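Pasted below: final_34.cif, mmCIF, C-alpha atoms.
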```cif
data_protein
loop_
_atom_site.label_atom_id
_atom_site.label_comp_id
_atom_site.auth_asym_id
_atom_site.auth_seq_id
_atom_site.Cartn_x
_atom_site.Cartn_y
_atom_site.Cartn_z
CA MET L 22 -8.74 1.20 -11.08
CA ASP L 23 -6.91 0.69 -7.80
CA GLY L 24 -8.80 -2.52 -6.95
CA GLN L 25 -7.89 -2.29 -3.26
CA HIS L 26 -9.62 -2.75 0.06
CA PRO L 27 -9.85 -0.80 3.34
CA HIS L 28 -7.47 -1.54 6.18
CA ASN L 29 -8.46 -3.02 9.50
CA PHE L 30 -9.13 -0.53 12.28
CA VAL L 31 -6.22 -2.00 14.31
CA MET L 32 -3.30 -1.81 11.88
CA GLU L 33 -0.47 -2.19 14.39
CA LEU L 34 -0.37 -3.76 17.84
CA VAL L 35 3.23 -4.72 18.57
CA GLY L 36 6.14 -4.38 20.93
CA ARG L 37 9.85 -3.88 20.32
CA TYR L 38 12.94 -4.57 22.42
CA ASP L 39 16.38 -3.17 21.55
CA PHE L 40 19.67 -4.42 22.96
CA LYS L 41 22.70 -2.22 22.24
CA PHE L 42 26.20 -3.67 22.04
CA SER L 43 27.66 -0.21 21.49
CA GLU L 44 26.62 3.25 20.34
CA HIS L 45 26.38 2.08 16.71
CA SER L 46 25.57 -1.62 17.07
CA GLN L 47 22.37 -3.28 18.27
CA VAL L 48 19.93 -6.15 17.85
CA PHE L 49 16.18 -5.85 18.20
CA VAL L 50 13.08 -8.00 18.33
CA TYR L 51 9.74 -6.68 17.04
CA GLY L 52 6.43 -8.48 17.00
CA GLY L 53 2.77 -8.72 17.83
CA PRO L 54 -0.67 -9.76 16.57
CA ALA L 55 -0.77 -6.97 13.94
CA GLY L 56 2.16 -5.11 12.46
CA ALA L 57 4.63 -4.61 9.61
CA ALA L 58 6.75 -7.41 8.19
CA ALA L 59 10.29 -6.68 7.00
CA LEU L 60 9.17 -6.39 3.40
CA GLY L 61 8.91 -3.28 1.26
CA PRO L 62 9.59 0.42 1.75
CA THR L 63 8.12 2.55 4.51
CA PRO L 64 4.34 2.04 3.96
CA PHE L 65 2.59 4.78 2.01
CA PRO L 66 0.53 6.12 4.99
CA HIS L 67 3.79 6.75 6.87
CA ARG L 68 6.16 7.96 4.13
CA SER L 69 7.06 11.62 4.36
CA SER L 70 7.10 11.76 0.55
CA ALA L 71 3.39 10.78 0.60
CA SER L 72 2.40 12.41 3.89
CA GLU L 73 -0.35 14.67 2.49
CA ASN L 74 -1.72 12.36 -0.21
CA PRO L 75 -5.10 11.03 1.04
CA ILE L 76 -5.29 8.23 -1.56
CA ALA L 77 -3.39 4.92 -1.57
CA VAL L 78 -0.82 4.40 -4.29
CA ILE L 79 -1.97 2.00 -7.01
CA GLY L 80 1.09 -0.22 -6.53
CA HIS L 81 0.41 -0.77 -2.82
CA HIS L 82 -0.09 -4.52 -3.28
CA GLN L 83 3.21 -4.90 -5.13
CA GLN L 84 5.16 -2.81 -2.63
CA ASP L 85 4.13 -2.53 1.02
CA SER L 86 0.80 -4.26 1.73
CA THR L 87 2.38 -6.43 4.46
CA HIS L 88 2.49 -3.42 6.79
CA ILE L 89 -0.80 -4.78 8.20
CA ALA L 90 0.31 -8.42 8.49
CA THR L 91 -0.82 -10.57 11.42
CA ASN L 92 1.25 -12.49 13.96
CA VAL L 93 4.51 -10.83 12.97
CA VAL L 94 7.89 -11.64 14.50
CA THR L 95 10.99 -9.77 13.28
CA LEU L 96 14.61 -10.10 14.34
CA GLY L 97 16.98 -7.32 13.29
CA PHE L 98 20.62 -6.32 13.54
CA ALA L 99 22.07 -2.85 12.91
CA GLU L 100 25.74 -1.96 12.58
CA GLY L 101 26.49 1.64 11.70
CA PRO L 102 24.61 2.57 8.52
CA VAL L 103 23.53 -1.02 7.73
CA GLN L 104 20.46 -2.79 9.07
CA VAL L 105 19.36 -6.37 8.31
CA GLU L 106 15.96 -7.79 9.28
CA ALA L 107 14.18 -11.14 8.95
CA SER L 108 10.46 -11.68 9.55
CA THR L 109 7.94 -14.44 9.77
CA PHE L 110 4.23 -13.66 9.64
CA HIS L 111 0.80 -14.94 8.61
CA GLY L 112 0.42 -14.32 4.88
CA ARG L 113 -3.36 -14.11 4.52
CA GLU L 114 -4.77 -10.66 3.74
CA PRO L 115 -7.30 -9.26 6.26
CA ASN L 116 -10.88 -10.40 5.71
CA GLU L 117 -13.96 -8.21 5.32
CA THR L 118 -14.42 -7.81 9.09
CA ARG L 119 -12.52 -4.57 9.73
CA TRP L 120 -12.93 -4.33 13.50
CA ASN L 121 -11.11 -7.49 14.57
CA ILE L 122 -7.51 -8.72 14.46
CA GLY L 123 -6.75 -11.51 12.02
CA LYS L 124 -5.65 -14.94 13.17
CA GLY L 125 -3.34 -17.58 11.76
CA LYS L 126 0.05 -19.06 12.48
CA PRO L 127 3.16 -17.56 10.84
CA ASP L 128 3.53 -19.24 7.45
CA SER L 129 5.38 -16.61 5.39
CA PHE L 130 8.78 -14.97 5.61
CA ALA L 131 10.73 -11.94 4.42
CA THR L 132 14.08 -10.24 4.75
CA ARG L 133 15.17 -6.64 4.23
CA LEU L 134 18.47 -4.81 3.91
CA THR L 135 18.47 -1.07 4.68
CA ILE L 136 21.44 1.23 4.20
CA ALA L 137 21.62 4.83 5.40
CA LEU L 138 23.70 6.31 2.60
CA ALA L 139 23.69 9.69 4.38
CA LYS L 140 21.83 11.34 7.23
CA SER L 141 18.95 12.27 4.91
CA LEU L 142 19.30 9.49 2.30
CA SER L 143 18.44 5.82 2.72
CA ALA L 144 17.78 2.80 0.50
CA GLN L 145 16.27 -0.63 1.04
CA PHE L 146 16.06 -3.94 -0.78
CA SER L 147 13.69 -6.65 0.42
CA THR L 148 12.22 -9.93 -0.68
CA GLY L 149 9.81 -12.43 0.79
CA ARG L 150 7.36 -15.23 0.16
CA ILE L 151 3.72 -14.59 1.08
CA ASN L 152 1.84 -17.88 1.29
CA ASN L 153 -1.91 -18.05 0.56
CA PRO L 154 -2.53 -14.27 0.70
CA GLU L 155 -5.97 -14.46 -0.98
CA ALA L 156 -8.89 -16.26 0.67
CA LEU L 157 -10.58 -16.40 -2.76
CA ASP L 158 -7.57 -18.11 -4.35
CA PRO L 159 -6.12 -20.49 -1.73
CA ASN L 160 -3.69 -22.15 -4.16
CA LEU L 161 -1.89 -18.87 -4.85
CA ASP L 162 1.46 -17.88 -3.28
CA THR L 163 3.36 -14.67 -3.99
CA VAL L 164 7.08 -13.91 -4.07
CA ARG L 165 7.51 -10.16 -3.59
CA THR L 166 10.68 -8.18 -4.27
CA THR L 167 11.05 -4.44 -3.68
CA ALA L 168 13.72 -1.75 -3.81
CA SER L 169 13.48 1.93 -2.92
CA VAL L 170 15.45 5.09 -2.28
CA HIS L 171 14.21 7.82 0.10
CA HIS L 172 15.53 11.35 0.53
CA ASN L 173 14.63 14.23 2.83
CA LEU L 174 15.98 17.77 2.49
CA ARG L 175 15.27 20.39 5.16
CA PHE L 176 15.39 24.16 4.69
CA SER L 177 14.44 27.18 6.78
CA SER L 178 10.70 27.24 6.02
CA GLY L 179 9.98 23.56 5.38
CA HIS L 180 11.35 20.41 3.77
CA LEU L 181 11.37 18.38 0.55
CA SER L 182 10.86 14.59 0.69
CA SER L 183 11.08 12.19 -2.22
CA SER L 184 10.93 8.44 -2.85
CA LEU L 185 11.66 6.23 -5.85
CA ILE L 186 10.07 2.78 -5.43
CA TRP L 187 9.92 -0.48 -7.37
CA GLY L 188 7.80 -3.46 -6.36
CA ARG L 189 7.36 -6.83 -8.08
CA ASN L 190 4.97 -9.70 -7.36
CA LYS L 191 5.59 -13.13 -8.84
CA ASP L 192 2.41 -15.11 -8.29
CA LEU L 193 2.79 -18.89 -8.15
CA LYS L 194 -0.17 -21.18 -8.73
CA ASN L 195 -0.24 -24.84 -9.78
CA GLY L 196 3.18 -24.57 -11.39
CA ALA L 197 2.30 -21.43 -13.38
CA ARG L 198 3.73 -17.95 -12.85
CA ARG L 199 2.50 -14.43 -13.49
CA ILE L 200 4.40 -11.23 -12.79
CA PHE L 201 3.21 -7.75 -11.81
CA ASN L 202 5.56 -4.75 -11.56
CA SER L 203 4.97 -1.28 -10.14
CA TYR L 204 7.03 1.91 -10.17
CA ASN L 205 6.50 5.09 -8.12
CA LEU L 206 8.15 8.49 -8.05
CA GLU L 207 6.68 10.72 -5.36
CA VAL L 208 7.74 14.13 -4.05
CA THR L 209 6.18 16.24 -1.28
CA MET L 210 7.31 19.74 -0.31
CA ASN L 211 6.37 21.82 2.71
CA PHE L 212 7.18 25.51 2.14
CA LEU L 213 6.50 28.78 3.95
CA HIS L 214 5.56 26.61 6.95
CA ARG L 215 1.83 26.23 6.14
CA ASN L 216 1.87 25.24 2.46
CA TRP L 217 2.20 21.78 0.94
CA VAL L 218 2.53 20.69 -2.68
CA TRP L 219 3.13 17.16 -3.96
CA THR L 220 3.27 15.04 -7.05
CA LEU L 221 3.11 11.31 -7.68
CA MET L 222 3.85 9.41 -10.90
CA GLU L 223 3.00 5.71 -11.12
CA ASN L 224 3.36 2.94 -13.69
CA VAL L 225 1.65 -0.25 -12.52
CA ASP L 226 0.66 -3.62 -14.02
CA ARG L 227 -3.06 -4.38 -13.62
CA ASP L 228 -5.12 -7.53 -14.17
CA ARG L 229 -8.29 -8.57 -15.96
CA THR L 230 -10.50 -8.53 -12.85
CA LEU L 231 -11.02 -4.84 -13.68
CA LEU L 232 -12.81 -5.83 -16.90
CA PRO L 233 -16.52 -6.69 -17.13
CA ILE L 234 -17.49 -10.15 -18.38
CA PRO L 235 -20.88 -11.44 -19.57
CA VAL L 236 -23.28 -12.50 -16.83
CA GLN L 237 -26.76 -13.96 -16.77
CA PRO L 238 -29.68 -11.52 -16.26
CA LYS L 239 -29.77 -12.16 -12.50
CA PRO L 240 -26.16 -12.18 -11.24
CA SER L 241 -25.55 -14.36 -8.22
CA CYS L 242 -22.34 -12.81 -6.94
CA ARG L 243 -21.44 -9.52 -5.29
CA LEU L 244 -18.43 -9.23 -7.59
CA CYS L 245 -20.82 -8.18 -10.37
CA CYS L 246 -21.41 -4.92 -8.54
CA VAL L 247 -17.76 -4.46 -7.67
CA VAL L 248 -16.52 -4.55 -11.27
CA GLY L 249 -19.24 -2.22 -12.50
CA PHE L 250 -22.04 -4.23 -14.09
CA ASP L 251 -25.40 -2.59 -14.74
CA LEU L 252 -27.37 -5.27 -12.93
CA ALA L 253 -27.16 -5.54 -9.15
CA PRO L 254 -27.80 -8.71 -7.16
CA SER L 255 -31.05 -8.98 -5.30
CA LYS L 256 -31.18 -8.77 -1.52
CA GLU L 257 -31.61 -12.53 -1.40
CA SER L 258 -28.39 -13.11 -3.34
CA PHE L 259 -26.48 -10.91 -0.91
CA THR L 260 -27.51 -13.14 1.97
CA ILE L 261 -26.97 -16.53 0.35
CA CYS L 262 -23.99 -15.97 -1.96
CA PRO L 263 -20.41 -15.45 -0.77
CA PHE L 264 -18.20 -12.73 -2.18
CA ASN L 265 -15.74 -14.54 -4.42
CA HIS L 266 -14.26 -14.64 -7.91
CA VAL L 267 -16.87 -17.06 -9.28
CA ILE L 268 -19.90 -15.78 -11.21
CA LEU L 269 -22.22 -17.39 -13.76
CA ASP L 270 -21.88 -16.96 -17.52
CA PRO L 271 -24.97 -16.61 -19.80
CA GLU L 272 -25.39 -20.41 -19.80
CA GLY L 273 -25.28 -20.57 -16.00
CA THR L 274 -21.82 -22.14 -15.89
CA PRO L 275 -19.50 -20.94 -13.08
CA VAL L 276 -16.69 -18.70 -14.34
CA THR L 277 -13.55 -17.97 -12.34
CA ILE L 278 -11.90 -14.59 -12.95
CA GLU L 279 -8.14 -15.11 -12.93
CA GLU L 280 -5.89 -12.14 -12.15
CA GLU L 281 -4.04 -12.27 -15.46
CA PRO L 282 -2.01 -9.17 -16.46
CA ILE L 283 -3.67 -7.04 -19.15
CA GLY L 284 -1.33 -4.04 -19.31
CA ARG L 285 -0.08 -1.08 -17.34
CA ILE L 286 -1.82 1.93 -15.87
CA GLN L 287 -0.06 5.27 -15.57
CA ALA L 288 -1.28 7.74 -12.96
CA TYR L 289 -0.12 11.36 -12.65
CA THR L 290 -1.09 13.22 -9.49
CA LEU L 291 -0.67 16.81 -8.35
CA GLY L 292 -1.91 18.18 -5.03
CA TYR L 293 -1.88 21.28 -2.85
CA GLU L 294 -2.77 21.81 0.81
CA ARG L 295 -2.94 24.84 3.08
CA GLU L 296 -2.77 24.50 6.84
CA LEU L 297 -5.55 26.45 8.55
CA PRO L 298 -5.32 28.39 11.82
CA VAL L 299 -7.69 26.76 14.31
CA GLY L 300 -6.52 28.27 17.60
CA LEU L 301 -5.79 24.87 19.16
CA SER L 302 -2.16 24.17 19.99
CA TRP L 303 -2.63 20.39 19.81
CA LEU L 304 -4.45 20.25 16.44
CA ASN L 305 -3.06 20.64 12.91
CA LEU L 306 -5.77 21.16 10.28
CA GLY L 307 -5.30 21.33 6.52
CA LEU L 308 -7.58 21.87 3.53
CA GLY L 309 -6.36 20.24 0.33
CA VAL L 310 -7.18 19.41 -3.27
CA GLN L 311 -5.67 16.71 -5.47
CA ALA L 312 -6.12 15.85 -9.15
CA THR L 313 -5.10 12.66 -10.96
CA THR L 314 -5.17 11.74 -14.63
CA TYR L 315 -4.64 8.23 -15.97
CA GLY L 316 -3.14 6.50 -18.97
CA LEU L 317 -4.80 3.16 -19.74
CA PRO L 318 -4.28 0.11 -21.95
CA PRO L 319 -6.90 -0.32 -24.71
CA GLN L 320 -8.91 -2.95 -22.80
CA LEU L 321 -9.58 -0.61 -19.88
CA LYS L 322 -10.45 2.39 -22.06
CA THR L 323 -13.66 0.63 -23.05
CA VAL L 324 -14.66 0.59 -19.37
CA TYR L 325 -13.22 3.81 -17.91
CA GLY L 326 -12.97 6.04 -20.98
CA ALA L 327 -10.00 7.25 -22.99
CA ARG L 328 -8.75 9.85 -20.48
CA PRO L 329 -10.21 9.25 -17.01
CA SER L 330 -9.37 11.69 -14.24
CA THR L 331 -10.31 12.30 -10.63
CA VAL L 332 -10.38 15.29 -8.28
CA VAL L 333 -10.38 14.98 -4.49
CA VAL L 334 -11.08 17.75 -1.98
CA PHE L 335 -10.28 16.82 1.60
CA LEU L 336 -9.88 18.08 5.16
CA ARG L 337 -6.86 16.67 6.99
CA LEU L 338 -6.53 16.50 10.79
CA ARG L 339 -3.60 15.31 12.89
CA PRO L 340 -2.07 16.06 16.30
CA ASN L 341 0.18 19.10 16.10
CA GLY L 342 3.88 18.26 16.09
CA ASN L 343 3.31 14.63 15.14
CA LEU L 344 4.58 14.95 11.57
CA SER L 345 7.95 16.49 12.37
CA GLU L 346 8.78 13.78 14.89
CA HIS L 347 7.49 11.10 12.54
CA MET L 348 9.74 12.32 9.72
CA LYS L 349 12.78 12.33 11.99
CA LEU L 350 12.17 8.67 12.80
CA MET L 351 11.61 7.74 9.17
CA HIS L 352 14.82 9.32 7.91
CA GLN L 353 17.24 8.47 10.66
CA HIS L 354 19.01 5.14 10.95
CA LYS L 355 19.33 3.69 14.40
#
```
What is this structure when it is put down as C-alpha cells?
Amino acid sequence: MDGQHPHNFVMELVGRYDFKFSEHSQVFVYGGPAGAAALGPTPFPHRSSASENPIAVIGHHQQDSTHIATNVVTLGFAEGPVQVEASTFHGREPNETRWNIGKGKPDSFATRLTIALAKSLSAQFSTGRINNPEALDPNLDTVRTTASVHHNLRFSSGHLSSSLIWGRNKDLKNGARRIFNSYNLEVTMNFLHRNWVWTLMENVDRDRTLLPIPVQPKPSCRLCCVVGFDLAPSKESFTICPFNHVILDPEGTPVTIEEEPIGRIQAYTLGYERELPVGLSWLNLGLGVQATTYGLPPQLKTVYGARPSTVVVFLRLRPNGNLSEHMKLMHQHK
C-alpha cells in the first residue's frame, strides 16, 4: 500500500559553505550531484521522531521525497531564529539503476522558511514546483506544499521527539489537476537509556494504481506483477517489455493507469526496541518489533482485506554516539 521505491545507494554527495556576518547572521551555499532540496520537513530517515522506525512513511512522496534530488543548488540566509532557503534541482525521480548518480540539468525549484520557536521547537513551511518527476508520465508536473512542527524534549534517562507533518501534491497534466494530501503524527521516546518506544499515525491520499485491472491471459508488462495479478509475465516479456504504466486489456488494447485519487489510507503503528550489549564501544545494536494496522477505502478492501496489518522484526545497527550528535544538529538552529 505504500507504492514506493528504494533509494539510490548514493543519497547525498554535496558540499556546503557558510559565511557569517555575525554570531547570529549568516549566508550559506549548499549543493552537489545528489542531495536534499529546500522542500519539506527533515526527511524521515533523519528525523529524530522517526529514528527507530525501519519503514518509510506512506506520505513520503507528498512530504520529503526530494531529499534525494540530483544536481541541487541551495542558497540560504539565517538571521537569529529565522532561516530562508531557495533551491534549484533536477526534478526527475531516480531511475531503476540504484548504484549510479542521476543526471539532468536543474529544472525545478523550491523555497523553505524555517523558524526556531524555541531551542527544542522548530517549524517549517515550504513549497516548490517539481517538473517531470515521473519518467513514465513525462507530461506531469507537481506543485508540492508542506508544513511541519518538530519538538524534542530531553530528560535524565533519554528524550522524547515528536513531529506533526502535512504534505500536499498538486499534480498538473495537460491543463488538469489532481490533489493528494498526507498527514503524519509521529512520536519516539528513548527511556532508561536502552529502551525505545514509538508510534506513528498517518492519513494519506492514495491512487488507483494500487487496484488490479483486467489483463489478457499473457500480460506483457512488469506492472502486472507489481500490482498483484495472479499471472506473471514470461521471461521473454521481461526482456522485451519496458516497465511502464501501459498494459493490455482483454481485447489487446493498451491501457494507461492514471494516478487518480481513490480515497485515503490510515496507518497506525506502534514499535519497541531494546539496545543490546555487544561489547564494542563503536557499535550500537538494537533488536526491535513494530506492528501496523490499516484503515482502507472500500476499493482497496477488495484487494488487501478489510483489516490488513503487518508485523516487522528487525535488527538495527549504527555507529555508537551518532544518534545523539545527529539529534543535536536536527533540533538546533544555526
- Message: Which residues, named as in the file, does the PyMOL selection byres ((chain L and resi 222) around 8) pick out? Answer as a PyMOL selection string.
- Response: chain L and resi 205-207+220-221+223-224+287-290
- Message: Give me, as a count of residues only, all polymer residues having an atom no more than 8 Å from range 28-32 of chain L, counting all atoms listed in the file and skipping those fewer than 3 positions away in the same chain.
- Response: 10
- Message: Please list as a ChimeraX atom specification every residue within 12 Å of Thr166 in chain L, counting only C-alpha atoms and excluding residues in the same chain fewer than 2 positions away.
- Response: /L:59-62,82-85,131-134,145-151,163-164,168-169,186-192,200-203
- Name the residues that the PyMOL selection byres ((chain L and resi 93) around 6) picks from the file above, as a ChimeraX atom specification, using the file's chain letters and numbers. /L:52-53,91-92,94,109-110
Residue subset to file, keeping C-alpha atoms, as a JSON list (two decimals), in the frame of the given file:
```json
[["chain", "number", "residue", "atom", "x", "y", "z"],
["L", 52, "GLY", "CA", 6.43, -8.48, 17.00],
["L", 53, "GLY", "CA", 2.77, -8.72, 17.83],
["L", 91, "THR", "CA", -0.82, -10.57, 11.42],
["L", 92, "ASN", "CA", 1.25, -12.49, 13.96],
["L", 94, "VAL", "CA", 7.89, -11.64, 14.50],
["L", 109, "THR", "CA", 7.94, -14.44, 9.77],
["L", 110, "PHE", "CA", 4.23, -13.66, 9.64]]
```
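Relative to CA of Phe40 in chain L, CA of Gly112 in chain L is found at 28.2 Å.
Take the PyMOL selection byres ((chain L and resi 37) around 9) and apply it to this file: it picks Val35, Gly36, Tyr38, Asp39, Phe49, Val50, Tyr51, Gly52 and Gly53 of chain L.
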List as a PDB file with C-alpha atoms, in the coordinates of the input the protein and nucleic acid residues near Glu114 in chain L, meaning an atom at most 9 Å away when all atoms listed in the file are counted, but skip any in the same chain fewer than 4 places from it.
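Here's the written file around-v3.pdb:
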```
ATOM      1  CA  SER L  86       0.800  -4.260   1.730  1.00  0.00           C
ATOM      2  CA  THR L  87       2.380  -6.430   4.460  1.00  0.00           C
ATOM      3  CA  ILE L  89      -0.800  -4.780   8.200  1.00  0.00           C
ATOM      4  CA  ALA L  90       0.310  -8.420   8.490  1.00  0.00           C
ATOM      5  CA  THR L  91      -0.820 -10.570  11.420  1.00  0.00           C
ATOM      6  CA  GLY L 123      -6.750 -11.510  12.020  1.00  0.00           C
ATOM      7  CA  ASN L 153      -1.910 -18.050   0.560  1.00  0.00           C
ATOM      8  CA  PRO L 154      -2.530 -14.270   0.700  1.00  0.00           C
ATOM      9  CA  GLU L 155      -5.970 -14.460  -0.980  1.00  0.00           C
ATOM     10  CA  ALA L 156      -8.890 -16.260   0.670  1.00  0.00           C
TER      11      ALA L 156
END
```
Rebuild range 99-131 of chain L to N, CA and C atoms - output it as a compact mmCIF listing (two decimals), in the frame of the given file, please.
```txt
# COMPACT_ATOMS: atom_id res chain seq x y z
N ALA L 99 21.59 -4.09 13.52
CA ALA L 99 22.07 -2.85 12.91
C ALA L 99 23.52 -2.62 13.32
N GLU L 100 24.33 -2.28 12.35
CA GLU L 100 25.74 -1.96 12.58
C GLU L 100 26.07 -0.74 11.75
N GLY L 101 26.22 0.41 12.43
CA GLY L 101 26.49 1.64 11.70
C GLY L 101 25.36 1.97 10.75
N PRO L 102 25.65 2.18 9.47
CA PRO L 102 24.61 2.57 8.52
C PRO L 102 23.83 1.40 7.92
N VAL L 103 24.14 0.17 8.34
CA VAL L 103 23.53 -1.02 7.73
C VAL L 103 22.60 -1.70 8.72
N GLN L 104 21.42 -2.06 8.24
CA GLN L 104 20.46 -2.79 9.07
C GLN L 104 19.92 -3.98 8.28
N VAL L 105 19.87 -5.14 8.92
CA VAL L 105 19.36 -6.37 8.31
C VAL L 105 18.23 -6.90 9.19
N GLU L 106 17.11 -7.28 8.55
CA GLU L 106 15.96 -7.79 9.28
C GLU L 106 15.46 -9.08 8.63
N ALA L 107 14.85 -9.93 9.45
CA ALA L 107 14.18 -11.14 8.95
C ALA L 107 12.87 -11.29 9.71
N SER L 108 11.80 -11.58 8.97
CA SER L 108 10.46 -11.68 9.55
C SER L 108 9.80 -12.99 9.20
N THR L 109 8.94 -13.43 10.10
CA THR L 109 7.94 -14.44 9.77
C THR L 109 6.59 -13.88 10.16
N PHE L 110 5.54 -14.25 9.42
CA PHE L 110 4.23 -13.66 9.64
C PHE L 110 3.18 -14.52 8.95
N HIS L 111 1.91 -14.25 9.27
CA HIS L 111 0.80 -14.94 8.61
C HIS L 111 0.50 -14.22 7.31
N GLY L 112 0.49 -14.95 6.19
CA GLY L 112 0.42 -14.32 4.88
C GLY L 112 -0.95 -13.90 4.40
N ARG L 113 -2.02 -14.39 5.00
CA ARG L 113 -3.36 -14.11 4.52
C ARG L 113 -3.72 -12.63 4.70
N GLU L 114 -4.29 -12.03 3.65
CA GLU L 114 -4.77 -10.66 3.74
C GLU L 114 -5.94 -10.57 4.74
N PRO L 115 -6.16 -9.41 5.36
CA PRO L 115 -7.30 -9.26 6.26
C PRO L 115 -8.62 -9.55 5.55
N ASN L 116 -9.57 -10.10 6.30
CA ASN L 116 -10.88 -10.40 5.71
C ASN L 116 -11.76 -9.16 5.72
N GLU L 117 -13.05 -9.35 5.44
CA GLU L 117 -13.96 -8.21 5.32
C GLU L 117 -14.44 -7.68 6.66
N THR L 118 -14.08 -8.32 7.76
CA THR L 118 -14.42 -7.81 9.09
C THR L 118 -13.31 -6.86 9.53
N ARG L 119 -13.57 -5.57 9.52
CA ARG L 119 -12.52 -4.57 9.73
C ARG L 119 -12.24 -4.26 11.19
N TRP L 120 -13.07 -4.74 12.10
CA TRP L 120 -12.93 -4.33 13.50
C TRP L 120 -12.23 -5.38 14.36
N ASN L 121 -11.81 -6.49 13.77
CA ASN L 121 -11.11 -7.49 14.57
C ASN L 121 -9.64 -7.56 14.17
N ILE L 122 -8.90 -8.46 14.80
CA ILE L 122 -7.51 -8.72 14.46
C ILE L 122 -7.43 -10.11 13.87
N GLY L 123 -6.82 -10.23 12.71
CA GLY L 123 -6.75 -11.51 12.02
C GLY L 123 -6.00 -12.57 12.82
N LYS L 124 -6.29 -13.82 12.50
CA LYS L 124 -5.65 -14.94 13.17
C LYS L 124 -4.95 -15.82 12.14
N GLY L 125 -4.06 -16.66 12.63
CA GLY L 125 -3.34 -17.58 11.76
C GLY L 125 -1.89 -17.67 12.15
N LYS L 126 -1.34 -18.87 12.08
CA LYS L 126 0.05 -19.06 12.48
C LYS L 126 0.99 -18.47 11.43
N PRO L 127 2.19 -18.06 11.82
CA PRO L 127 3.16 -17.56 10.84
C PRO L 127 3.48 -18.63 9.80
N ASP L 128 3.29 -18.29 8.53
CA ASP L 128 3.53 -19.24 7.45
C ASP L 128 4.28 -18.60 6.28
N SER L 129 4.69 -17.34 6.44
CA SER L 129 5.38 -16.61 5.39
C SER L 129 6.63 -15.98 5.97
N PHE L 130 7.52 -15.52 5.11
CA PHE L 130 8.78 -14.97 5.61
C PHE L 130 9.30 -13.90 4.67
N ALA L 131 10.16 -13.03 5.21
CA ALA L 131 10.73 -11.94 4.42
C ALA L 131 12.03 -11.49 5.05
```
